[in-house]
$ cat query-v1.pdb   # PDB, C-alpha atoms, pLDDT in the B column
ATOM      1  CA  MET A  29      32.114 115.820 -58.711  1.00 37.00           C
ATOM      2  CA  ALA A  30      32.566 117.000 -55.101  1.00 38.00           C
ATOM      3  CA  THR A  31      36.047 116.675 -53.681  1.00 40.00           C
ATOM      4  CA  GLY A  32      35.199 117.097 -50.007  1.00 40.00           C
ATOM      5  CA  ARG A  33      37.538 120.084 -49.632  1.00 40.00           C
ATOM      6  CA  LYS A  34      36.421 123.282 -47.972  1.00 45.00           C
ATOM      7  CA  ARG A  35      36.353 126.501 -49.960  1.00 41.00           C
ATOM      8  CA  GLY A  36      39.845 127.970 -50.272  1.00 42.00           C
ATOM      9  CA  GLN A  37      41.674 124.707 -49.664  1.00 47.00           C
ATOM     10  CA  ARG A  38      44.145 123.415 -52.207  1.00 53.00           C
ATOM     11  CA  ALA A  39      44.775 119.759 -52.987  1.00 50.00           C
ATOM     12  CA  GLY A  40      48.115 118.631 -51.601  1.00 73.00           C
ATOM     13  CA  LEU A  41      48.586 121.582 -49.257  1.00 91.00           C
ATOM     14  CA  THR A  42      49.428 120.328 -45.775  1.00 93.00           C
ATOM     15  CA  ARG A  43      50.553 121.730 -42.437  1.00 93.00           C
ATOM     16  CA  GLU A  44      53.943 120.100 -43.016  1.00 93.00           C
ATOM     17  CA  ALA A  45      54.368 121.824 -46.389  1.00 95.00           C
ATOM     18  CA  ILE A  46      53.499 125.187 -44.870  1.00 96.00           C
ATOM     19  CA  LEU A  47      55.999 124.767 -42.045  1.00 95.00           C
ATOM     20  CA  LEU A  48      58.738 123.678 -44.421  1.00 95.00           C
ATOM     21  CA  ALA A  49      58.100 126.750 -46.557  1.00 96.00           C
ATOM     22  CA  ALA A  50      58.296 128.902 -43.434  1.00 96.00           C
ATOM     23  CA  LEU A  51      61.641 127.347 -42.481  1.00 95.00           C
ATOM     24  CA  GLU A  52      63.035 127.911 -45.954  1.00 95.00           C
ATOM     25  CA  LEU A  53      61.929 131.545 -45.879  1.00 96.00           C
ATOM     26  CA  ALA A  54      63.509 132.088 -42.451  1.00 95.00           C
ATOM     27  CA  ASP A  55      66.749 130.467 -43.631  1.00 94.00           C
ATOM     28  CA  ARG A  56      66.924 132.747 -46.660  1.00 94.00           C
ATOM     29  CA  GLU A  57      65.777 136.066 -45.232  1.00 95.00           C
ATOM     30  CA  GLY A  58      65.619 135.794 -41.463  1.00 93.00           C
ATOM     31  CA  LEU A  59      62.770 135.331 -39.029  1.00 92.00           C
ATOM     32  CA  PRO A  60      61.244 138.832 -39.469  1.00 93.00           C
ATOM     33  CA  ALA A  61      60.507 137.973 -43.121  1.00 94.00           C
ATOM     34  CA  VAL A  62      58.214 135.096 -42.146  1.00 95.00           C
ATOM     35  CA  SER A  63      54.541 135.932 -42.592  1.00 94.00           C
ATOM     36  CA  MET A  64      51.462 134.073 -43.743  1.00 94.00           C
ATOM     37  CA  ARG A  65      51.385 136.266 -46.840  1.00 94.00           C
ATOM     38  CA  ARG A  66      54.986 135.484 -47.810  1.00 95.00           C
ATOM     39  CA  ILE A  67      54.549 131.784 -47.181  1.00 96.00           C
ATOM     40  CA  ALA A  68      51.375 131.701 -49.253  1.00 95.00           C
ATOM     41  CA  ALA A  69      53.161 133.434 -52.106  1.00 94.00           C
ATOM     42  CA  ALA A  70      55.965 130.852 -51.977  1.00 93.00           C
ATOM     43  CA  LEU A  71      53.408 128.047 -52.123  1.00 94.00           C
ATOM     44  CA  GLY A  72      51.324 129.687 -54.853  1.00 93.00           C
ATOM     45  CA  VAL A  73      48.141 129.994 -52.798  1.00 93.00           C
ATOM     46  CA  GLU A  74      46.125 132.753 -51.160  1.00 92.00           C
ATOM     47  CA  ALA A  75      47.100 133.624 -47.590  1.00 92.00           C
ATOM     48  CA  MET A  76      43.673 132.701 -46.247  1.00 93.00           C
ATOM     49  CA  THR A  77      44.187 129.177 -47.514  1.00 93.00           C
ATOM     50  CA  LEU A  78      46.906 128.622 -44.909  1.00 94.00           C
ATOM     51  CA  TYR A  79      44.464 129.181 -42.061  1.00 93.00           C
ATOM     52  CA  HIS A  80      42.713 125.915 -42.884  1.00 92.00           C
ATOM     53  CA  HIS A  81      45.871 124.191 -41.625  1.00 95.00           C
ATOM     54  CA  ILE A  82      47.466 126.670 -39.188  1.00 94.00           C
ATOM     55  CA  PRO A  83      45.230 129.007 -37.172  1.00 93.00           C
ATOM     56  CA  GLY A  84      47.598 131.964 -36.945  1.00 92.00           C
ATOM     57  CA  LYS A  85      51.108 133.376 -36.536  1.00 91.00           C
ATOM     58  CA  GLU A  86      51.627 131.985 -33.030  1.00 91.00           C
ATOM     59  CA  ALA A  87      50.754 128.476 -34.170  1.00 92.00           C
ATOM     60  CA  LEU A  88      53.049 128.973 -37.150  1.00 94.00           C
ATOM     61  CA  LEU A  89      55.990 129.883 -34.915  1.00 93.00           C
ATOM     62  CA  ASP A  90      55.286 126.922 -32.634  1.00 91.00           C
ATOM     63  CA  GLY A  91      55.198 124.688 -35.687  1.00 92.00           C
ATOM     64  CA  MET A  92      58.555 126.023 -36.859  1.00 93.00           C
ATOM     65  CA  VAL A  93      60.025 125.167 -33.458  1.00 92.00           C
ATOM     66  CA  GLU A  94      58.483 121.723 -33.806  1.00 91.00           C
ATOM     67  CA  GLN A  95      60.200 121.244 -37.159  1.00 91.00           C
ATOM     68  CA  LEU A  96      63.534 122.261 -35.688  1.00 91.00           C
ATOM     69  CA  VAL A  97      63.111 119.962 -32.678  1.00 89.00           C
ATOM     70  CA  ALA A  98      62.340 117.093 -35.059  1.00 89.00           C
ATOM     71  CA  ARG A  99      65.638 117.760 -36.842  1.00 89.00           C
ATOM     72  CA  ALA A 100      67.417 117.829 -33.493  1.00 89.00           C
ATOM     73  CA  GLN A 101      66.604 114.225 -32.628  1.00 85.00           C
ATOM     74  CA  PRO A 102      69.353 111.569 -32.788  1.00 81.00           C
ATOM     75  CA  HIS A 103      69.296 109.513 -35.963  1.00 71.00           C
ATOM     76  CA  ARG A 104      69.884 106.228 -34.151  1.00 66.00           C
ATOM     77  CA  PRO A 105      67.658 104.706 -31.436  1.00 63.00           C
ATOM     78  CA  PRO A 106      68.809 105.004 -27.797  1.00 60.00           C
ATOM     79  CA  SER A 107      70.238 101.474 -27.675  1.00 66.00           C
ATOM     80  CA  GLY A 108      73.505 102.391 -25.965  1.00 80.00           C
ATOM     81  CA  THR A 109      74.222 103.978 -22.599  1.00 89.00           C
ATOM     82  CA  TRP A 110      72.424 107.075 -21.394  1.00 92.00           C
ATOM     83  CA  GLN A 111      75.678 109.010 -21.876  1.00 93.00           C
ATOM     84  CA  GLU A 112      75.807 107.933 -25.526  1.00 92.00           C
ATOM     85  CA  HIS A 113      72.203 108.975 -26.003  1.00 91.00           C
ATOM     86  CA  LEU A 114      72.847 112.404 -24.488  1.00 94.00           C
ATOM     87  CA  ARG A 115      75.946 112.815 -26.649  1.00 94.00           C
ATOM     88  CA  ASP A 116      73.903 111.975 -29.745  1.00 93.00           C
ATOM     89  CA  LEU A 117      71.194 114.397 -28.635  1.00 93.00           C
ATOM     90  CA  ALA A 118      73.716 117.209 -28.089  1.00 95.00           C
ATOM     91  CA  HIS A 119      75.297 116.678 -31.508  1.00 95.00           C
ATOM     92  CA  ALA A 120      71.928 116.499 -33.268  1.00 94.00           C
ATOM     93  CA  LEU A 121      70.684 119.671 -31.559  1.00 94.00           C
ATOM     94  CA  ARG A 122      73.889 121.555 -32.335  1.00 95.00           C
ATOM     95  CA  ALA A 123      73.772 120.504 -35.992  1.00 94.00           C
ATOM     96  CA  ALA A 124      70.122 121.567 -36.317  1.00 94.00           C
ATOM     97  CA  LEU A 125      70.757 124.971 -34.742  1.00 94.00           C
ATOM     98  CA  LEU A 126      73.829 125.661 -36.867  1.00 94.00           C
ATOM     99  CA  ALA A 127      71.875 124.655 -39.982  1.00 93.00           C
ATOM    100  CA  HIS A 128      69.065 127.105 -39.089  1.00 94.00           C
ATOM    101  CA  PRO A 129      70.792 129.976 -37.249  1.00 93.00           C
ATOM    102  CA  HIS A 130      67.910 132.413 -37.690  1.00 92.00           C
ATOM    103  CA  LEU A 131      65.704 130.118 -35.613  1.00 92.00           C
ATOM    104  CA  VAL A 132      68.010 129.948 -32.584  1.00 90.00           C
ATOM    105  CA  PRO A 133      66.273 132.875 -30.796  1.00 87.00           C
ATOM    106  CA  LEU A 134      62.881 131.362 -31.600  1.00 88.00           C
ATOM    107  CA  LEU A 135      63.718 127.979 -30.111  1.00 84.00           C
ATOM    108  CA  ALA A 136      65.259 129.631 -27.056  1.00 81.00           C
ATOM    109  CA  THR A 137      62.232 131.792 -26.275  1.00 83.00           C
ATOM    110  CA  ARG A 138      59.172 129.700 -27.158  1.00 82.00           C
ATOM    111  CA  ARG A 139      57.885 126.787 -25.102  1.00 79.00           C
ATOM    112  CA  ALA A 140      56.043 125.376 -28.123  1.00 72.00           C
ATOM    113  CA  THR A 141      54.497 122.476 -26.214  1.00 80.00           C
ATOM    114  CA  THR A 142      53.095 120.723 -29.259  1.00 83.00           C
ATOM    115  CA  ALA A 143      52.391 117.003 -29.100  1.00 86.00           C
ATOM    116  CA  ARG A 144      55.411 116.241 -31.266  1.00 86.00           C
ATOM    117  CA  ASN A 145      57.753 118.275 -29.049  1.00 88.00           C
ATOM    118  CA  LEU A 146      56.390 116.647 -25.904  1.00 90.00           C
ATOM    119  CA  ASP A 147      56.992 113.239 -27.469  1.00 90.00           C
ATOM    120  CA  ALA A 148      60.644 114.174 -28.053  1.00 89.00           C
ATOM    121  CA  MET A 149      61.024 115.257 -24.415  1.00 92.00           C
ATOM    122  CA  GLU A 150      59.318 112.078 -23.198  1.00 92.00           C
ATOM    123  CA  ASN A 151      61.737 109.926 -25.201  1.00 90.00           C
ATOM    124  CA  ALA A 152      64.751 111.643 -23.649  1.00 91.00           C
ATOM    125  CA  LEU A 153      63.321 111.338 -20.135  1.00 94.00           C
ATOM    126  CA  ARG A 154      62.448 107.692 -20.701  1.00 92.00           C
ATOM    127  CA  THR A 155      66.068 106.878 -21.540  1.00 91.00           C
ATOM    128  CA  LEU A 156      67.358 108.607 -18.416  1.00 93.00           C
ATOM    129  CA  CYS A 157      64.723 107.160 -16.105  1.00 93.00           C
ATOM    130  CA  ALA A 158      65.511 103.671 -17.408  1.00 92.00           C
ATOM    131  CA  ALA A 159      69.091 104.316 -16.252  1.00 92.00           C
ATOM    132  CA  GLY A 160      67.912 105.138 -12.726  1.00 92.00           C
ATOM    133  CA  PHE A 161      67.367 108.890 -12.815  1.00 93.00           C
ATOM    134  CA  THR A 162      64.202 110.160 -11.154  1.00 93.00           C
ATOM    135  CA  PRO A 163      61.910 112.131 -13.478  1.00 95.00           C
ATOM    136  CA  PRO A 164      62.776 115.515 -11.873  1.00 95.00           C
ATOM    137  CA  ARG A 165      66.520 114.842 -12.071  1.00 94.00           C
ATOM    138  CA  ALA A 166      66.185 113.559 -15.636  1.00 95.00           C
ATOM    139  CA  LEU A 167      64.451 116.807 -16.588  1.00 95.00           C
ATOM    140  CA  ASP A 168      67.293 118.768 -14.940  1.00 95.00           C
ATOM    141  CA  VAL A 169      69.785 116.828 -17.058  1.00 96.00           C
ATOM    142  CA  VAL A 170      67.908 117.485 -20.314  1.00 95.00           C
ATOM    143  CA  TYR A 171      67.524 121.192 -19.573  1.00 94.00           C
ATOM    144  CA  SER A 172      71.192 121.480 -18.587  1.00 96.00           C
ATOM    145  CA  LEU A 173      72.292 119.741 -21.767  1.00 96.00           C
ATOM    146  CA  THR A 174      70.116 121.821 -24.083  1.00 93.00           C
ATOM    147  CA  GLY A 175      71.123 125.029 -22.307  1.00 93.00           C
ATOM    148  CA  PHE A 176      74.779 124.113 -22.794  1.00 95.00           C
ATOM    149  CA  VAL A 177      74.244 123.472 -26.515  1.00 95.00           C
ATOM    150  CA  PHE A 178      72.382 126.757 -26.942  1.00 93.00           C
ATOM    151  CA  GLY A 179      75.228 128.630 -25.279  1.00 92.00           C
ATOM    152  CA  GLN A 180      77.879 126.961 -27.400  1.00 92.00           C
ATOM    153  CA  VAL A 181      75.975 127.563 -30.633  1.00 93.00           C
ATOM    154  CA  THR A 182      75.344 131.202 -29.730  1.00 90.00           C
ATOM    155  CA  LEU A 183      79.072 131.769 -29.147  1.00 86.00           C
ATOM    156  CA  THR A 184      79.946 130.027 -32.402  1.00 87.00           C
ATOM    157  CA  LEU A 185      77.482 132.111 -34.392  1.00 87.00           C
ATOM    158  CA  ALA A 186      78.613 135.324 -32.707  1.00 83.00           C
ATOM    159  CA  ALA A 187      82.214 134.551 -33.618  1.00 76.00           C
ATOM    160  CA  GLY A 188      81.290 133.782 -37.221  1.00 68.00           C
ATOM    161  CA  SER A 189      82.314 130.144 -36.739  1.00 48.00           C
ATOM    162  CA  VAL A 190      85.853 131.230 -35.899  1.00 44.00           C
ATOM    163  CA  GLY A 191      87.057 129.953 -32.579  1.00 46.00           C
ATOM    164  CA  ASP A 192      89.604 132.656 -31.822  1.00 49.00           C
ATOM    165  CA  PRO A 193      88.752 135.195 -29.119  1.00 50.00           C
ATOM    166  CA  PRO A 194      87.518 138.541 -30.496  1.00 51.00           C
ATOM    167  CA  GLY A 195      89.922 141.418 -30.891  1.00 54.00           C
ATOM    168  CA  ALA A 196      93.682 141.540 -31.285  1.00 61.00           C
ATOM    169  CA  GLU A 197      95.979 138.763 -30.072  1.00 76.00           C
ATOM    170  CA  PRO A 198      96.742 139.221 -26.356  1.00 80.00           C
ATOM    171  CA  ASP A 199     100.030 140.878 -25.362  1.00 86.00           C
ATOM    172  CA  PRO A 200     102.382 138.128 -24.109  1.00 86.00           C
ATOM    173  CA  ALA A 201     103.995 140.509 -21.611  1.00 88.00           C
ATOM    174  CA  ALA A 202     100.729 141.706 -20.062  1.00 90.00           C
ATOM    175  CA  HIS A 203      98.725 138.478 -20.384  1.00 89.00           C
ATOM    176  CA  PRO A 204     101.196 135.591 -20.781  1.00 90.00           C
ATOM    177  CA  LEU A 205      98.791 132.785 -19.874  1.00 90.00           C
ATOM    178  CA  PHE A 206      96.065 134.019 -22.208  1.00 86.00           C
ATOM    179  CA  HIS A 207      98.629 134.463 -24.973  1.00 84.00           C
ATOM    180  CA  GLU A 208      99.964 130.921 -24.477  1.00 88.00           C
ATOM    181  CA  ALA A 209      96.464 129.453 -24.464  1.00 85.00           C
ATOM    182  CA  VAL A 210      95.555 131.212 -27.718  1.00 81.00           C
ATOM    183  CA  ARG A 211      98.877 130.345 -29.338  1.00 82.00           C
ATOM    184  CA  THR A 212      98.968 126.637 -28.476  1.00 82.00           C
ATOM    185  CA  GLY A 213      95.323 125.653 -27.998  1.00 76.00           C
ATOM    186  CA  ASP A 214      92.857 124.337 -30.534  1.00 72.00           C
ATOM    187  CA  PRO A 215      90.481 127.234 -31.293  1.00 70.00           C
ATOM    188  CA  ALA A 216      88.082 125.198 -33.432  1.00 78.00           C
ATOM    189  CA  PRO A 217      84.489 125.367 -32.177  1.00 80.00           C
ATOM    190  CA  ASP A 218      84.123 121.603 -32.676  1.00 89.00           C
ATOM    191  CA  ALA A 219      87.078 120.870 -30.395  1.00 88.00           C
ATOM    192  CA  ARG A 220      85.854 123.166 -27.650  1.00 88.00           C
ATOM    193  CA  PHE A 221      82.349 121.748 -27.929  1.00 93.00           C
ATOM    194  CA  GLU A 222      83.628 118.178 -27.553  1.00 94.00           C
ATOM    195  CA  PHE A 223      85.760 119.109 -24.553  1.00 93.00           C
ATOM    196  CA  ALA A 224      82.901 120.852 -22.754  1.00 94.00           C
ATOM    197  CA  LEU A 225      80.376 118.131 -23.647  1.00 96.00           C
ATOM    198  CA  ALA A 226      82.657 115.416 -22.267  1.00 96.00           C
ATOM    199  CA  ALA A 227      83.091 117.387 -19.039  1.00 96.00           C
ATOM    200  CA  LEU A 228      79.326 117.916 -18.735  1.00 96.00           C
ATOM    201  CA  LEU A 229      78.542 114.230 -19.235  1.00 96.00           C
ATOM    202  CA  ALA A 230      81.225 113.269 -16.738  1.00 94.00           C
ATOM    203  CA  GLY A 231      79.619 115.621 -14.239  1.00 94.00           C
ATOM    204  CA  PHE A 232      76.206 114.055 -14.791  1.00 95.00           C
ATOM    205  CA  ALA A 233      77.711 110.591 -14.233  1.00 93.00           C
ATOM    206  CA  ALA A 234      79.598 111.656 -11.098  1.00 89.00           C
ATOM    207  CA  GLY A 235      76.459 113.037  -9.520  1.00 79.00           C
ATOM    208  CA  HIS A 236      74.225 110.174 -10.613  1.00 78.00           C
ATOM    209  CA  GLU A 237      73.044 107.661  -8.045  1.00 59.00           C
ATOM    210  CA  PRO A 238      70.282 105.486  -9.456  1.00 51.00           C
ATOM    211  CA  GLY A 239      66.989 105.970  -7.669  1.00 45.00           C
ATOM    212  CA  LEU A 240      68.019 109.191  -5.925  1.00 43.00           C
ATOM    213  CA  ALA A 241      66.993 112.733  -6.860  1.00 43.00           C
TER     214      ALA A 241
END

$ encode --input "query-v1.pdb" --output "structure tokens"
Amino acid sequence: MATGRKRGQRAGLTREAILLAALELADREGLPAVSMRRIAAALGVEAMTLYHHIPGKEALLDGMVEQLVARAQPHRPPSGTWQEHLRDLAHALRAALLAHPHLVPLLATRRATTARNLDAMENALRTLCAAGFTPPRALDVVYSLTGFVFGQVTLTLAAGSVGDPPGAEPDPAAHPLFHEAVRTGDPAPDARFEFALAALLAGFAAGHEPGLA
């Protein structure tokens, strides 16, 4: 009996399954290990089978970004203030990037304007515009927030999730202020992230006049 599937297709194989396999491979072995051949082997199919769902490597990379963006969305609806929504967005994005560190360069360098990614951007802009931001200013806010999170995550990953400055402890005689800051401050990445995020949101609020660019 005919199944309606094209030659080379496999029952149950979907674009979503392929992208999830690609993410798992990148998490285990790094982004350079991701190829259609390796993904097909992980799924138990021939490489050509994947092309029925994803046309090529560029589409695969865009789809991986899409998967990461989906994980970076707040878990609760934007029912609170715009500041609360941005805080949720920043935390969700940071958590997704730290969970998939090999994909940080990919998300930072690819536009990946898939329909699902554009929907995520539209949702964020809708929340800000409802609070009185103009669309251009709302886009500035979203880009500023995501750029901040990228920077913070990059520093955290570079430091191996240790908040202390690199190198030996500063000499208290030569650099007394730096020494005091290191000795008495909270070096945890979470604490520094919260401090900087609060300052960023306060800056957005201070410069926000509803209806003005």

$ residues_around --input "query-v1.pdb" --residues "Cys157 in chain A" --least-positions-apart "5" --cutoff "10 Å" --atoms "all atoms listed in the file" --output "list in words"
Trp110, Asn151, Ala152, Thr162, Pro163, Pro164, Arg165, Ala166, Leu167, Pro238 and Gly239 of chain A

$ resolve_selection --input "query-v1.pdb" --expression "the PyMOL selection byres ((chain A and resi 124) around 9)" --output "ChimeraX atom specification"
/A:96-97,99-101,119-123,125-129

$ closest_residue --input "query-v1.pdb" --among "A:Ser172, A:Thr77, A:Thr142, A:Thr42" --to "Leu228 in chain A" --atoms "all atoms listed in the file"
A:Ser172

$ closest_residue --input "query-v1.pdb" --among "A:Leu59, A:Lys85, A:Glu112, A:Val210" --to "Leu135 in chain A" --atoms "all atoms listed in the file"
A:Leu59

$ closest_residue --input "query-v1.pdb" --among "A:His103, A:His113, A:His130, A:Arg139" --to "Leu229 in chain A" --atoms "all atoms listed in the file"
A:His113

$ residues_around --input "query-v1.pdb" --residues "range 136-138 of chain A" --least-positions-apart "5" --cutoff "8 Å" --atoms "only C-alpha atoms" --output "list in words"
Asp90, Val93 and Phe178 of chain A

$ closest_residue --input "query-v1.pdb" --among "A:Pro217, A:Pro133, A:Gly40, A:Pro198" --to "Leu71 in chain A" --atoms "only C-alpha atoms"
A:Gly40

$ resolve_selection --input "query-v1.pdb" --expression "the PyMOL selection byres ((chain A and resi 211) around 12)" --output "PyMOL selection string"
chain A and resi 192-193+197-200+204-210+212-215

$ atom_distance --input "query-v1.pdb" --atom1 "CA of Leu48 in chain A" --atom2 "CA of Ala98 in chain A"
12.0 Å

$ axis_aligned_box --input "query-v1.pdb" --around "range 115-120 of chain A" --padding-each-side "6 Å" --output "lines of an AutoDock Vina configuration file"
center_x = 73.6
center_y = 114.6
center_z = -30.0
size_x = 16.8
size_y = 17.2
size_z = 18.6

$ resolve_selection --input "query-v1.pdb" --expression "the PyMOL selection byres ((chain A and resi 41) around 10)" --output "list in words"
Gln37, Arg38, Ala39, Gly40, Thr42, Arg43, Glu44, Ala45, Ile46, Leu71, Val73, Thr77, Leu78, His80 and His81 of chain A

$ write_last_selection --input "query-v1.pdb" --atoms "C-alpha atoms" --output "tab-separated table (two decimals), in the coordinates of the input"
chain	number	residue	atom	x	y	z
A	37	GLN	CA	41.67	124.71	-49.66
A	38	ARG	CA	44.14	123.42	-52.21
A	39	ALA	CA	44.78	119.76	-52.99
A	40	GLY	CA	48.12	118.63	-51.60
A	42	THR	CA	49.43	120.33	-45.78
A	43	ARG	CA	50.55	121.73	-42.44
A	44	GLU	CA	53.94	120.10	-43.02
A	45	ALA	CA	54.37	121.82	-46.39
A	46	ILE	CA	53.50	125.19	-44.87
A	71	LEU	CA	53.41	128.05	-52.12
A	73	VAL	CA	48.14	129.99	-52.80
A	77	THR	CA	44.19	129.18	-47.51
A	78	LEU	CA	46.91	128.62	-44.91
A	80	HIS	CA	42.71	125.92	-42.88
A	81	HIS	CA	45.87	124.19	-41.62

$ atom_distance --input "query-v1.pdb" --atom1 "CA of Leu185 in chain A" --atom2 "CA of Val132 in chain A"
9.9 Å

$ closest_residue --input "query-v1.pdb" --among "A:Gly91, A:Gly72, A:Gly179, A:Gly231" --to "Leu134 in chain A" --atoms "all atoms listed in the file"
A:Gly91

$ atom_distance --input "query-v1.pdb" --atom1 "CA of Ala68 in chain A" --atom2 "CA of Leu131 in chain A"
19.8 Å

$ closest_residue --input "query-v1.pdb" --among "A:Ala140, A:Thr109, A:Leu183, A:Ala158" --to "Glu86 in chain A" --atoms "only C-alpha atoms"
A:Ala140

$ build_atoms --input "query-v1.pdb" --residues "range 171-184 of chain A" --atoms "N, CA, C and O atoms" --output "PDB file, in the coordinates of the input"
ATOM      1  N   TYR A 171      67.463 119.733 -19.496  1.00 94.00           N
ATOM      2  CA  TYR A 171      67.524 121.192 -19.573  1.00 94.00           C
ATOM      3  C   TYR A 171      68.963 121.702 -19.511  1.00 94.00           C
ATOM      4  O   TYR A 171      69.332 122.663 -20.203  1.00 94.00           O
ATOM      5  N   SER A 172      69.786 121.077 -18.673  1.00 96.00           N
ATOM      6  CA  SER A 172      71.192 121.480 -18.587  1.00 96.00           C
ATOM      7  C   SER A 172      71.912 121.230 -19.906  1.00 96.00           C
ATOM      8  O   SER A 172      72.694 122.066 -20.375  1.00 96.00           O
ATOM      9  N   LEU A 173      71.636 120.086 -20.503  1.00 96.00           N
ATOM     10  CA  LEU A 173      72.292 119.741 -21.767  1.00 96.00           C
ATOM     11  C   LEU A 173      71.869 120.692 -22.888  1.00 96.00           C
ATOM     12  O   LEU A 173      72.724 121.206 -23.626  1.00 96.00           O
ATOM     13  N   THR A 174      70.574 120.943 -23.006  1.00 93.00           N
ATOM     14  CA  THR A 174      70.116 121.821 -24.083  1.00 93.00           C
ATOM     15  C   THR A 174      70.581 123.258 -23.853  1.00 93.00           C
ATOM     16  O   THR A 174      70.926 123.960 -24.807  1.00 93.00           O
ATOM     17  N   GLY A 175      70.618 123.690 -22.597  1.00 93.00           N
ATOM     18  CA  GLY A 175      71.123 125.029 -22.307  1.00 93.00           C
ATOM     19  C   GLY A 175      72.591 125.167 -22.675  1.00 93.00           C
ATOM     20  O   GLY A 175      73.019 126.204 -23.213  1.00 93.00           O
ATOM     21  N   PHE A 176      73.366 124.118 -22.405  1.00 95.00           N
ATOM     22  CA  PHE A 176      74.779 124.113 -22.794  1.00 95.00           C
ATOM     23  C   PHE A 176      74.929 124.225 -24.307  1.00 95.00           C
ATOM     24  O   PHE A 176      75.734 125.020 -24.806  1.00 95.00           O
ATOM     25  N   VAL A 177      74.138 123.447 -25.051  1.00 95.00           N
ATOM     26  CA  VAL A 177      74.244 123.472 -26.515  1.00 95.00           C
ATOM     27  C   VAL A 177      73.852 124.844 -27.054  1.00 95.00           C
ATOM     28  O   VAL A 177      74.523 125.388 -27.939  1.00 95.00           O
ATOM     29  N   PHE A 178      72.791 125.415 -26.518  1.00 93.00           N
ATOM     30  CA  PHE A 178      72.382 126.757 -26.942  1.00 93.00           C
ATOM     31  C   PHE A 178      73.509 127.758 -26.734  1.00 93.00           C
ATOM     32  O   PHE A 178      73.791 128.594 -27.603  1.00 93.00           O
ATOM     33  N   GLY A 179      74.136 127.701 -25.566  1.00 92.00           N
ATOM     34  CA  GLY A 179      75.228 128.630 -25.279  1.00 92.00           C
ATOM     35  C   GLY A 179      76.391 128.467 -26.230  1.00 92.00           C
ATOM     36  O   GLY A 179      76.943 129.451 -26.742  1.00 92.00           O
ATOM     37  N   GLN A 180      76.772 127.224 -26.497  1.00 92.00           N
ATOM     38  CA  GLN A 180      77.879 126.961 -27.400  1.00 92.00           C
ATOM     39  C   GLN A 180      77.569 127.431 -28.823  1.00 92.00           C
ATOM     40  O   GLN A 180      78.418 128.031 -29.488  1.00 92.00           O
ATOM     41  N   VAL A 181      76.357 127.149 -29.280  1.00 93.00           N
ATOM     42  CA  VAL A 181      75.975 127.563 -30.633  1.00 93.00           C
ATOM     43  C   VAL A 181      75.936 129.089 -30.737  1.00 93.00           C
ATOM     44  O   VAL A 181      76.390 129.672 -31.735  1.00 93.00           O
ATOM     45  N   THR A 182      75.411 129.736 -29.722  1.00 90.00           N
ATOM     46  CA  THR A 182      75.344 131.202 -29.730  1.00 90.00           C
ATOM     47  C   THR A 182      76.736 131.810 -29.832  1.00 90.00           C
ATOM     48  O   THR A 182      76.964 132.767 -30.591  1.00 90.00           O
ATOM     49  N   LEU A 183      77.694 131.275 -29.083  1.00 86.00           N
ATOM     50  CA  LEU A 183      79.072 131.769 -29.147  1.00 86.00           C
ATOM     51  C   LEU A 183      79.680 131.524 -30.524  1.00 86.00           C
ATOM     52  O   LEU A 183      80.382 132.376 -31.067  1.00 86.00           O
ATOM     53  N   THR A 184      79.410 130.356 -31.084  1.00 87.00           N
ATOM     54  CA  THR A 184      79.946 130.027 -32.402  1.00 87.00           C
ATOM     55  C   THR A 184      79.392 130.974 -33.461  1.00 87.00           C
ATOM     56  O   THR A 184      80.135 131.487 -34.315  1.00 87.00           O
TER      57      THR A 184
END
